[in-house]
Structure formats: C-alpha cells, structure tokens
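A.B. asks: Input target.pdb, format and content: PDB, C-alpha atoms, pLDDT in the B column.
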```
ATOM      1  CA  MET A  14      12.409   6.100  24.771  1.00 42.00           C
ATOM      2  CA  GLN A  15       9.094   4.235  24.667  1.00 42.00           C
ATOM      3  CA  TRP A  16       8.636   0.604  23.639  1.00 40.00           C
ATOM      4  CA  SER A  17       5.427  -0.949  22.462  1.00 42.00           C
ATOM      5  CA  ARG A  18       4.436  -4.239  20.904  1.00 43.00           C
ATOM      6  CA  ALA A  19       2.799  -4.186  17.517  1.00 44.00           C
ATOM      7  CA  SER A  20       1.476  -6.680  15.038  1.00 41.00           C
ATOM      8  CA  SER A  21       0.799  -5.524  11.545  1.00 43.00           C
ATOM      9  CA  ASP A  22       1.087  -5.984   7.816  1.00 43.00           C
ATOM     10  CA  PHE A  23       3.902  -3.773   6.594  1.00 40.00           C
ATOM     11  CA  THR A  24       6.108  -3.135   3.604  1.00 41.00           C
ATOM     12  CA  ILE A  25       9.874  -3.157   3.299  1.00 42.00           C
ATOM     13  CA  GLY A  26      10.943  -2.029  -0.141  1.00 45.00           C
ATOM     14  CA  ASN A  27       8.484  -3.712  -2.474  1.00 46.00           C
ATOM     15  CA  ASP A  28       7.890  -6.754  -0.246  1.00 43.00           C
ATOM     16  CA  MET A  29       4.715  -7.012   1.855  1.00 44.00           C
ATOM     17  CA  MET A  30       5.134  -8.882   5.135  1.00 41.00           C
ATOM     18  CA  ALA A  31       1.855  -9.990   6.676  1.00 42.00           C
ATOM     19  CA  ASN A  32       1.068 -10.118  10.386  1.00 42.00           C
ATOM     20  CA  THR A  33       4.624  -9.624  11.531  1.00 46.00           C
ATOM     21  CA  ASN A  34       5.259  -9.032  15.225  1.00 47.00           C
ATOM     22  CA  PHE A  35       7.834  -6.401  15.994  1.00 40.00           C
ATOM     23  CA  GLU A  36       8.884  -4.064  18.777  1.00 48.00           C
ATOM     24  CA  GLU A  37       8.561  -0.375  18.060  1.00 52.00           C
ATOM     25  CA  LYS A  38      11.139   1.919  19.596  1.00 55.00           C
ATOM     26  CA  ARG A  39       9.981   5.513  19.938  1.00 54.00           C
ATOM     27  CA  ALA A  40      12.128   8.487  20.792  1.00 61.00           C
ATOM     28  CA  ASN A  41       9.102  10.782  21.076  1.00 70.00           C
ATOM     29  CA  ARG A  42       5.685  10.346  22.616  1.00 80.00           C
ATOM     30  CA  ARG A  43       2.925   9.613  20.112  1.00 85.00           C
ATOM     31  CA  PHE A  44      -0.661  10.765  20.646  1.00 91.00           C
ATOM     32  CA  SER A  45      -3.964   9.806  19.044  1.00 92.00           C
ATOM     33  CA  PHE A  46      -4.770  12.811  16.905  1.00 93.00           C
ATOM     34  CA  PHE A  47      -7.539  12.951  14.332  1.00 94.00           C
ATOM     35  CA  ALA A  48      -7.239  15.678  11.724  1.00 96.00           C
ATOM     36  CA  ASP A  49      -7.906  16.188   8.038  1.00 96.00           C
ATOM     37  CA  ALA A  50      -4.840  16.660   5.893  1.00 97.00           C
ATOM     38  CA  GLU A  51      -3.639  16.932   2.327  1.00 97.00           C
ATOM     39  CA  ILE A  52      -0.520  15.479   0.748  1.00 97.00           C
ATOM     40  CA  ILE A  53       0.945  17.434  -2.166  1.00 97.00           C
ATOM     41  CA  LEU A  54       3.400  15.338  -4.162  1.00 96.00           C
ATOM     42  CA  ARG A  55       6.325  16.883  -6.056  1.00 95.00           C
ATOM     43  CA  ASP A  56       4.416  16.634  -9.351  1.00 96.00           C
ATOM     44  CA  GLY A  57       1.545  18.657  -7.838  1.00 95.00           C
ATOM     45  CA  THR A  58      -0.781  15.698  -7.271  1.00 94.00           C
ATOM     46  CA  SER A  59      -2.996  16.232  -4.227  1.00 96.00           C
ATOM     47  CA  VAL A  60      -4.050  13.300  -2.034  1.00 94.00           C
ATOM     48  CA  ARG A  61      -6.628  13.682   0.745  1.00 94.00           C
ATOM     49  CA  THR A  62      -5.679  11.953   3.990  1.00 94.00           C
ATOM     50  CA  GLN A  63      -6.410  11.833   7.685  1.00 94.00           C
ATOM     51  CA  LEU A  64      -3.991  11.821  10.559  1.00 95.00           C
ATOM     52  CA  ALA A  65      -4.542   9.247  13.277  1.00 94.00           C
ATOM     53  CA  GLU A  66      -1.446   9.896  15.394  1.00 95.00           C
ATOM     54  CA  LEU A  67       1.001  12.747  15.963  1.00 96.00           C
ATOM     55  CA  SER A  68       4.418  13.125  17.582  1.00 95.00           C
ATOM     56  CA  SER A  69       7.009  15.891  17.486  1.00 94.00           C
ATOM     57  CA  ARG A  70       8.952  14.013  14.797  1.00 95.00           C
ATOM     58  CA  GLY A  71       6.185  12.607  12.636  1.00 96.00           C
ATOM     59  CA  CYS A  72       2.674  11.300  12.219  1.00 96.00           C
ATOM     60  CA  TYR A  73       0.635   8.323  11.101  1.00 95.00           C
ATOM     61  CA  ILE A  74      -1.755   8.865   8.201  1.00 95.00           C
ATOM     62  CA  GLY A  75      -4.248   6.818   6.238  1.00 92.00           C
ATOM     63  CA  THR A  76      -4.985   7.183   2.519  1.00 91.00           C
ATOM     64  CA  LEU A  77      -6.816   5.331  -0.216  1.00 89.00           C
ATOM     65  CA  VAL A  78      -3.726   5.694  -2.420  1.00 87.00           C
ATOM     66  CA  PRO A  79      -0.474   3.946  -1.457  1.00 88.00           C
ATOM     67  CA  ILE A  80       2.510   6.293  -1.441  1.00 92.00           C
ATOM     68  CA  PRO A  81       5.863   4.462  -1.753  1.00 93.00           C
ATOM     69  CA  ILE A  82       8.342   4.386   1.099  1.00 95.00           C
ATOM     70  CA  GLY A  83      10.940   7.122   0.664  1.00 96.00           C
ATOM     71  CA  THR A  84       8.543   9.516  -1.090  1.00 96.00           C
ATOM     72  CA  GLU A  85       8.931  13.120   0.049  1.00 97.00           C
ATOM     73  CA  PHE A  86       5.968  15.489  -0.076  1.00 97.00           C
ATOM     74  CA  ARG A  87       4.362  18.566   1.432  1.00 97.00           C
ATOM     75  CA  LEU A  88       1.771  17.839   4.134  1.00 97.00           C
ATOM     76  CA  ARG A  89      -0.936  20.316   5.105  1.00 97.00           C
ATOM     77  CA  ILE A  90      -2.722  19.477   8.391  1.00 97.00           C
ATOM     78  CA  LEU A  91      -5.993  21.164   9.388  1.00 96.00           C
ATOM     79  CA  HIS A  92      -7.180  20.930  13.004  1.00 95.00           C
ATOM     80  CA  ASP A  93      -9.051  23.224  15.415  1.00 90.00           C
ATOM     81  CA  MET A  94      -9.156  26.139  12.970  1.00 91.00           C
ATOM     82  CA  ARG A  95      -5.343  25.980  12.564  1.00 93.00           C
ATOM     83  CA  THR A  96      -3.248  24.831   9.641  1.00 94.00           C
ATOM     84  CA  CYS A  97       0.289  23.475   9.662  1.00 96.00           C
ATOM     85  CA  GLU A  98       2.441  22.794   6.590  1.00 97.00           C
ATOM     86  CA  LEU A  99       5.612  20.748   6.608  1.00 97.00           C
ATOM     87  CA  GLN A 100       7.838  18.575   4.455  1.00 97.00           C
ATOM     88  CA  GLY A 101       7.369  14.880   5.197  1.00 97.00           C
ATOM     89  CA  LYS A 102       8.732  11.536   4.049  1.00 97.00           C
ATOM     90  CA  VAL A 103       7.060   8.107   4.106  1.00 96.00           C
ATOM     91  CA  VAL A 104       9.175   5.851   6.335  1.00 96.00           C
ATOM     92  CA  TYR A 105       6.883   2.818   6.479  1.00 93.00           C
ATOM     93  CA  MET A 106       3.601   1.618   5.021  1.00 90.00           C
ATOM     94  CA  HIS A 107       1.127  -1.173   5.588  1.00 86.00           C
ATOM     95  CA  SER A 108      -2.215  -2.187   4.152  1.00 80.00           C
ATOM     96  CA  GLY A 109      -5.458  -1.864   6.055  1.00 68.00           C
ATOM     97  CA  SER A 110      -6.134  -5.609   6.072  1.00 63.00           C
ATOM     98  CA  GLY A 111      -8.069  -5.535   2.822  1.00 63.00           C
ATOM     99  CA  LEU A 112     -10.124  -2.424   3.622  1.00 72.00           C
ATOM    100  CA  GLY A 113      -8.492  -0.384   0.853  1.00 75.00           C
ATOM    101  CA  ILE A 114      -6.801   2.009   3.264  1.00 82.00           C
ATOM    102  CA  PHE A 115      -3.035   2.313   3.420  1.00 89.00           C
ATOM    103  CA  GLY A 116      -1.438   3.401   6.698  1.00 91.00           C
ATOM    104  CA  MET A 117       1.824   5.267   6.529  1.00 94.00           C
ATOM    105  CA  GLY A 118       4.359   6.491   9.018  1.00 95.00           C
ATOM    106  CA  VAL A 119       5.591   9.950   8.044  1.00 97.00           C
ATOM    107  CA  ARG A 120       8.745  11.581   9.398  1.00 96.00           C
ATOM    108  CA  ILE A 121       8.897  15.373   9.513  1.00 96.00           C
ATOM    109  CA  GLU A 122      11.796  16.360   7.280  1.00 96.00           C
ATOM    110  CA  LYS A 123      11.555  20.177   7.272  1.00 95.00           C
ATOM    111  CA  ILE A 124       9.317  22.522   9.209  1.00 95.00           C
ATOM    112  CA  ALA A 125       9.399  26.286   9.681  1.00 96.00           C
ATOM    113  CA  ALA A 126       9.537  27.697  13.220  1.00 95.00           C
ATOM    114  CA  ASP A 127       5.969  29.059  13.108  1.00 96.00           C
ATOM    115  CA  GLU A 128       4.679  25.699  11.844  1.00 96.00           C
ATOM    116  CA  ARG A 129       6.663  23.904  14.584  1.00 96.00           C
ATOM    117  CA  TYR A 130       4.880  26.125  17.099  1.00 95.00           C
ATOM    118  CA  VAL A 131       1.491  24.897  15.813  1.00 96.00           C
ATOM    119  CA  ILE A 132       2.531  21.233  16.179  1.00 95.00           C
ATOM    120  CA  ASP A 133       4.000  21.872  19.636  1.00 94.00           C
ATOM    121  CA  THR A 134       0.756  23.568  20.701  1.00 94.00           C
ATOM    122  CA  TRP A 135      -1.302  20.583  19.512  1.00 94.00           C
ATOM    123  CA  LEU A 136       1.032  18.188  21.345  1.00 93.00           C
ATOM    124  CA  HIS A 137       0.896  20.264  24.522  1.00 91.00           C
ATOM    125  CA  ASP A 138      -2.909  20.222  24.404  1.00 90.00           C
ATOM    126  CA  LEU A 139      -2.933  16.452  23.827  1.00 91.00           C
ATOM    127  CA  ALA A 140      -0.540  15.834  26.735  1.00 88.00           C
ATOM    128  CA  ARG A 141      -2.629  18.049  29.018  1.00 85.00           C
ATOM    129  CA  LYS A 142      -5.823  16.187  28.047  1.00 82.00           C
ATOM    130  CA  ARG A 143      -4.150  12.834  28.640  1.00 74.00           C
ATOM    131  CA  LEU A 144      -3.232  13.871  32.174  1.00 71.00           C
ATOM    132  CA  ALA A 145      -6.702  15.238  32.932  1.00 63.00           C
ATOM    133  CA  ILE A 146      -8.225  12.505  35.047  1.00 55.00           C
ATOM    134  CA  PRO A 147     -11.821  13.129  36.118  1.00 60.00           C
ATOM    135  CA  LEU A 148     -12.559  13.028  39.821  1.00 54.00           C
ATOM    136  CA  PRO A 149     -14.719  10.125  40.959  1.00 60.00           C
ATOM    137  CA  LEU A 150     -18.337  10.944  41.683  1.00 66.00           C
ATOM    138  CA  SER A 151     -19.199  10.572  45.358  1.00 59.00           C
TER     139      SER A 151
END
```
Could you render the structure as structure tokens?

C.D. replies:
Amino acid sequence: MQWSRASSDFTIGNDMMANTNFEEKRANRRFSFFADAEIILRDGTSVRTQLAELSSRGCYIGTLVPIPIGTEFRLRILHDMRTCELQGKVVYMHSGSGLGIFGMGVRIEKIAADERYVIDTWLHDLARKRLAIPLPLS
C-alpha cells in the first residue's frame, strides 16, 4: 500500500472543503497517464474528458462539467491507437482552483477481460518506462 500527502479542494456529498490536507492510502500504484476519453452517462449524454492518472482499479480525469459523486457511467479511453471501455463510478471530486476544470477520481466498477488486458498493457508499459533510467554520459 502506498501513502502520499495531498492538499486539495474536494467534495464530500454536496459540501466543498477547500485546501484540506489529507493522507491518501493507495492499494494500487498510480501512474501519470495522459489520454483522451469520453464519459457516456446513463441518459446517453456524452462528456469529453482527459485522463491524467491511471491505476489498475481506477483513474483520475478532468472535465469542464462536474459529475456528482456516486454517478456511474461508461468510460471510453483512447490511447496509442487502442481503445478501452469500462464501467466507472465517481468516488471523489474537486474543483480546479477556479480554472473551470473539475477533477474526479473514478473507480473501475466493471470491465471485460479483453478491456482489462488493454489497461494492464498500458500499466505494464508505464511501469517499464518508469524504471528506464538513462545511463550517464561520460
């Protein structure tokens, strides 16, 4: 389990808490991961988004439209000529400090085996790149 310190504006229920310090407890490694994505809500509404982080159990996305905590939706991620679709759920949200962007933590709720393979491949590539340390020039 990984621990990290964070300071952020975030929402619990309908209450916004500004600049709250908290310790994050992670069961799975999270990687910086930039990809275009689309949220499809249950009513068919489509919301463009971008992923900023990815783990085997979820991701962090940013949108111009706030999506309430607890909302379930279909998420389509496009990266490196591959697409992955999964069912996700917003587990936390915070504002982008007045920039009009809402950051949301999304937990993977349901994912098919072939879609899981795509995510696992992306994570494997990210882990391999993180360990690739260039040799010093002599």

A.B. asks: Name the residues captured by the PyMOL selection byres ((chain A and resi 55) around 9) when it is applied to the shown file; answer as number ranges by chain.

C.D. replies: A: 53-54, 56-58, 85-87

A.B. asks: Please provide the set of residues having any atom within 6 Å of segment 80-84 of chain A, restricted to only C-alpha atoms, with same-chain residues fewer than 5 positions apart removed, written as a PDB file with C-alpha atoms, in the coordinates of the input.

C.D. replies:
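See part15.pdb below for the written result:
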```pdb
ATOM      1  CA  LYS A 102       8.732  11.536   4.049  1.00 97.00           C
ATOM      2  CA  VAL A 103       7.060   8.107   4.106  1.00 96.00           C
ATOM      3  CA  VAL A 104       9.175   5.851   6.335  1.00 96.00           C
ATOM      4  CA  TYR A 105       6.883   2.818   6.479  1.00 93.00           C
TER       5      TYR A 105
END
```

A.B. asks: What would the selection look like, as a PDB file with C-alpha atoms, in the frame of the given file, if the PyMOL selection byres ((chain A and resi 121) around 12) were run on the coordinates I just shared?

C.D. replies:
```pdb
ATOM      1  CA  LEU A  67       1.001  12.747  15.963  1.00 96.00           C
ATOM      2  CA  SER A  68       4.418  13.125  17.582  1.00 95.00           C
ATOM      3  CA  SER A  69       7.009  15.891  17.486  1.00 94.00           C
ATOM      4  CA  ARG A  70       8.952  14.013  14.797  1.00 95.00           C
ATOM      5  CA  GLY A  71       6.185  12.607  12.636  1.00 96.00           C
ATOM      6  CA  CYS A  72       2.674  11.300  12.219  1.00 96.00           C
ATOM      7  CA  TYR A  73       0.635   8.323  11.101  1.00 95.00           C
ATOM      8  CA  GLU A  85       8.931  13.120   0.049  1.00 97.00           C
ATOM      9  CA  PHE A  86       5.968  15.489  -0.076  1.00 97.00           C
ATOM     10  CA  ARG A  87       4.362  18.566   1.432  1.00 97.00           C
ATOM     11  CA  LEU A  88       1.771  17.839   4.134  1.00 97.00           C
ATOM     12  CA  ARG A  89      -0.936  20.316   5.105  1.00 97.00           C
ATOM     13  CA  CYS A  97       0.289  23.475   9.662  1.00 96.00           C
ATOM     14  CA  GLU A  98       2.441  22.794   6.590  1.00 97.00           C
ATOM     15  CA  LEU A  99       5.612  20.748   6.608  1.00 97.00           C
ATOM     16  CA  GLN A 100       7.838  18.575   4.455  1.00 97.00           C
ATOM     17  CA  GLY A 101       7.369  14.880   5.197  1.00 97.00           C
ATOM     18  CA  LYS A 102       8.732  11.536   4.049  1.00 97.00           C
ATOM     19  CA  VAL A 103       7.060   8.107   4.106  1.00 96.00           C
ATOM     20  CA  VAL A 104       9.175   5.851   6.335  1.00 96.00           C
ATOM     21  CA  GLY A 118       4.359   6.491   9.018  1.00 95.00           C
ATOM     22  CA  VAL A 119       5.591   9.950   8.044  1.00 97.00           C
ATOM     23  CA  ARG A 120       8.745  11.581   9.398  1.00 96.00           C
ATOM     24  CA  GLU A 122      11.796  16.360   7.280  1.00 96.00           C
ATOM     25  CA  LYS A 123      11.555  20.177   7.272  1.00 95.00           C
ATOM     26  CA  ILE A 124       9.317  22.522   9.209  1.00 95.00           C
ATOM     27  CA  ALA A 125       9.399  26.286   9.681  1.00 96.00           C
ATOM     28  CA  GLU A 128       4.679  25.699  11.844  1.00 96.00           C
ATOM     29  CA  ARG A 129       6.663  23.904  14.584  1.00 96.00           C
ATOM     30  CA  ILE A 132       2.531  21.233  16.179  1.00 95.00           C
TER      31      ILE A 132
END
```

A.B. asks: Quick one: apply the PyMOL selection byres ((chain A and resi 140) around 12) to the file and drop the selected residues here as a PyMOL selection string.

C.D. replies: chain A and resi 42-46+67-69+133-139+141-146

A.B. asks: Hey, can you pull every residue with an atom no more than 12 Å from (-1.2, 4.1, 6.5), using only C-alpha atoms, and send it as a ChimeraX atom specification?

C.D. replies: /A:21-24,62-66,72-82,103-110,112-119

A.B. asks: Those same residues, written as a PDB file, keeping the file's coordinate frame with C-alpha atoms?

C.D. replies:
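Written output follows (result10.pdb):
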```pdb
ATOM      1  CA  SER A  21       0.799  -5.524  11.545  1.00 43.00           C
ATOM      2  CA  ASP A  22       1.087  -5.984   7.816  1.00 43.00           C
ATOM      3  CA  PHE A  23       3.902  -3.773   6.594  1.00 40.00           C
ATOM      4  CA  THR A  24       6.108  -3.135   3.604  1.00 41.00           C
ATOM      5  CA  THR A  62      -5.679  11.953   3.990  1.00 94.00           C
ATOM      6  CA  GLN A  63      -6.410  11.833   7.685  1.00 94.00           C
ATOM      7  CA  LEU A  64      -3.991  11.821  10.559  1.00 95.00           C
ATOM      8  CA  ALA A  65      -4.542   9.247  13.277  1.00 94.00           C
ATOM      9  CA  GLU A  66      -1.446   9.896  15.394  1.00 95.00           C
ATOM     10  CA  CYS A  72       2.674  11.300  12.219  1.00 96.00           C
ATOM     11  CA  TYR A  73       0.635   8.323  11.101  1.00 95.00           C
ATOM     12  CA  ILE A  74      -1.755   8.865   8.201  1.00 95.00           C
ATOM     13  CA  GLY A  75      -4.248   6.818   6.238  1.00 92.00           C
ATOM     14  CA  THR A  76      -4.985   7.183   2.519  1.00 91.00           C
ATOM     15  CA  LEU A  77      -6.816   5.331  -0.216  1.00 89.00           C
ATOM     16  CA  VAL A  78      -3.726   5.694  -2.420  1.00 87.00           C
ATOM     17  CA  PRO A  79      -0.474   3.946  -1.457  1.00 88.00           C
ATOM     18  CA  ILE A  80       2.510   6.293  -1.441  1.00 92.00           C
ATOM     19  CA  PRO A  81       5.863   4.462  -1.753  1.00 93.00           C
ATOM     20  CA  ILE A  82       8.342   4.386   1.099  1.00 95.00           C
ATOM     21  CA  VAL A 103       7.060   8.107   4.106  1.00 96.00           C
ATOM     22  CA  VAL A 104       9.175   5.851   6.335  1.00 96.00           C
ATOM     23  CA  TYR A 105       6.883   2.818   6.479  1.00 93.00           C
ATOM     24  CA  MET A 106       3.601   1.618   5.021  1.00 90.00           C
ATOM     25  CA  HIS A 107       1.127  -1.173   5.588  1.00 86.00           C
ATOM     26  CA  SER A 108      -2.215  -2.187   4.152  1.00 80.00           C
ATOM     27  CA  GLY A 109      -5.458  -1.864   6.055  1.00 68.00           C
ATOM     28  CA  SER A 110      -6.134  -5.609   6.072  1.00 63.00           C
ATOM     29  CA  LEU A 112     -10.124  -2.424   3.622  1.00 72.00           C
ATOM     30  CA  GLY A 113      -8.492  -0.384   0.853  1.00 75.00           C
ATOM     31  CA  ILE A 114      -6.801   2.009   3.264  1.00 82.00           C
ATOM     32  CA  PHE A 115      -3.035   2.313   3.420  1.00 89.00           C
ATOM     33  CA  GLY A 116      -1.438   3.401   6.698  1.00 91.00           C
ATOM     34  CA  MET A 117       1.824   5.267   6.529  1.00 94.00           C
ATOM     35  CA  GLY A 118       4.359   6.491   9.018  1.00 95.00           C
ATOM     36  CA  VAL A 119       5.591   9.950   8.044  1.00 97.00           C
TER      37      VAL A 119
END
```

A.B. asks: When you draw a straight line from atom CA of Asp49 of chain A to atom CA of Leu91 of chain A, how long is it in Å?

C.D. replies: 5.5 Å

A.B. asks: Return as JSON the centre and edge lengths, in Å with one decimal, of the box along x, y and z that encloses every atom of segment 129-143 of chain A in the file, padded by 6 Å per side.

C.D. replies:
```
{"center_x": 0.4, "center_y": 19.5, "center_z": 21.8, "size_x": 24.5, "size_y": 25.3, "size_z": 26.4}
```
